[in-house]
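Working notes, structure below.
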Amino acid sequence: MVVDIKKTVARNIRTLRHSRSLSSDEFAAALGFSQSGVSDWEMGKKMPRPDSLQKIAGYFHVTVPELLADTSPAARAKAPADEIIDLGALLIDPSVRVAYEGRIFGQKEKLMVRRLIEAAITNA
């Protein structure tokens, strides 16, 4: 199963914003983002930078990994409820291929992503 991380993050941000009954303008103003940037994120056109992901996660009292997680009904239906996939292990396993926006990551890029996630968790 290929997961489009931009679409996943878009859905998660939109869902969280709607849960607070915020317009995209209100959300952008509250966090100091441009409305066009928020729109691009929510439409899956662009991915928020790591510092923006941390700011969004803090605002909604969630973790960055939760913003990145595919919690759609389709994703939940494909994985057993008790199955947990260790993303950290996947990112260091040389046999696992990881891609973002069609670009396949080498081991160096996978380790960089792992470090970003670790930093986000540490600072959460």
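Following the order of the structure tokens, chains are lettered A, B, ..., residues in each are numbered from 1, and ligands are numbered from 1.
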
I need the alpha helix (DSSP H) residues of chain A per DSSP on the backbone, written as a ChimeraX atom specification.
/A:5-19,24-31,35-42,50-60,64-68,73-78,87-92,107-123

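The residue set within 12 Å of Phe33 (chain A), counting only C-alpha atoms and dropping same-chain residues fewer than 6 places from it, reads Ser24, Asp25, Glu26, Phe27, Ser39, Asp40, Trp41, Pro48, Arg49, Asp51, Ser52, Leu53, Lys55 and Ile56 of chain A.
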
From CA of Ala30 (chain A) to CA of Phe60 (chain A) the spacing works out at 11.5 Å

Would you kindly return, as number ranges by chain, each protein, DNA or RNA residue with an atom no farther than 12 Å from any atom of Val96 (chain A), considering only C-alpha atoms and excluding same-chain residues fewer than 3 positions away?
A: 87-93, 99, 104-107, 110

Mind writing the picked residues with C-alpha atoms as a compact mmCIF listing (two decimals), in the first residue's frame?
```
# COMPACT_ATOMS: atom_id res chain seq x y z
CA LEU A 87 8.48 3.41 11.80
CA GLY A 88 11.90 3.77 13.40
CA ALA A 89 12.74 0.18 12.56
CA LEU A 90 11.51 0.60 8.99
CA LEU A 91 13.70 3.66 8.53
CA ILE A 92 16.88 1.81 9.48
CA ASP A 93 16.08 -1.42 7.64
CA ALA A 99 9.75 7.23 -1.11
CA ILE A 104 13.11 7.02 -3.45
CA PHE A 105 15.20 7.64 -0.36
CA GLY A 106 18.60 6.13 0.15
CA GLN A 107 19.73 5.00 3.58
CA LYS A 110 15.99 7.54 5.70
```

Counting only C-alpha atoms, what is within 10 Å of Arg11 (chain A), bar same-chain residues fewer than 3 positions away, as a list in words?
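Once the nearby chain positions are removed, what remains is Ile5, Lys6, Lys7, Thr8, Arg14, Thr15, Leu16, Arg17, Trp41, Glu42, Met43, Gly44, Leu67, Leu68, Asp70, Thr71 and Ser72 of chain A.
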
Save out the residues we just selected, C-alpha atoms, as a short mmCIF file (atom, residue, chain, number, x, y, z; two decimals), in the first residue's frame.
```
data_model
loop_
_atom_site.label_atom_id
_atom_site.label_comp_id
_atom_site.auth_asym_id
_atom_site.auth_seq_id
_atom_site.Cartn_x
_atom_site.Cartn_y
_atom_site.Cartn_z
CA ILE A 5 1.90 11.60 3.04
CA LYS A 6 0.82 15.03 1.77
CA LYS A 7 -2.78 13.86 1.42
CA THR A 8 -2.64 12.22 4.84
CA ARG A 14 -8.31 19.80 8.00
CA THR A 15 -9.96 17.39 10.45
CA LEU A 16 -8.24 19.00 13.45
CA ARG A 17 -9.13 22.50 12.25
CA TRP A 41 -1.35 22.05 2.94
CA GLU A 42 -5.04 21.20 3.26
CA MET A 43 -5.33 20.53 -0.47
CA GLY A 44 -2.28 18.27 -0.38
CA LEU A 67 -0.21 14.41 12.16
CA LEU A 68 1.68 12.08 9.82
CA ASP A 70 -2.93 7.66 8.14
CA THR A 71 -5.98 7.17 10.33
CA SER A 72 -8.45 6.96 7.46
#
```

Between A:Val113, A:Gln35, A:Ile13, A:Asp86, which is the closest to Tyr59 (chain A) once you count only C-alpha atoms?
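Using only C-alpha atoms, Tyr59 (chain A) sits closest to A:Ile13.
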
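Using only C-alpha atoms, the smallest distance between any of A:Val98, A:Ala10, A:Val64, A:Ala28 and Pro50 (chain A) comes from A:Val64.
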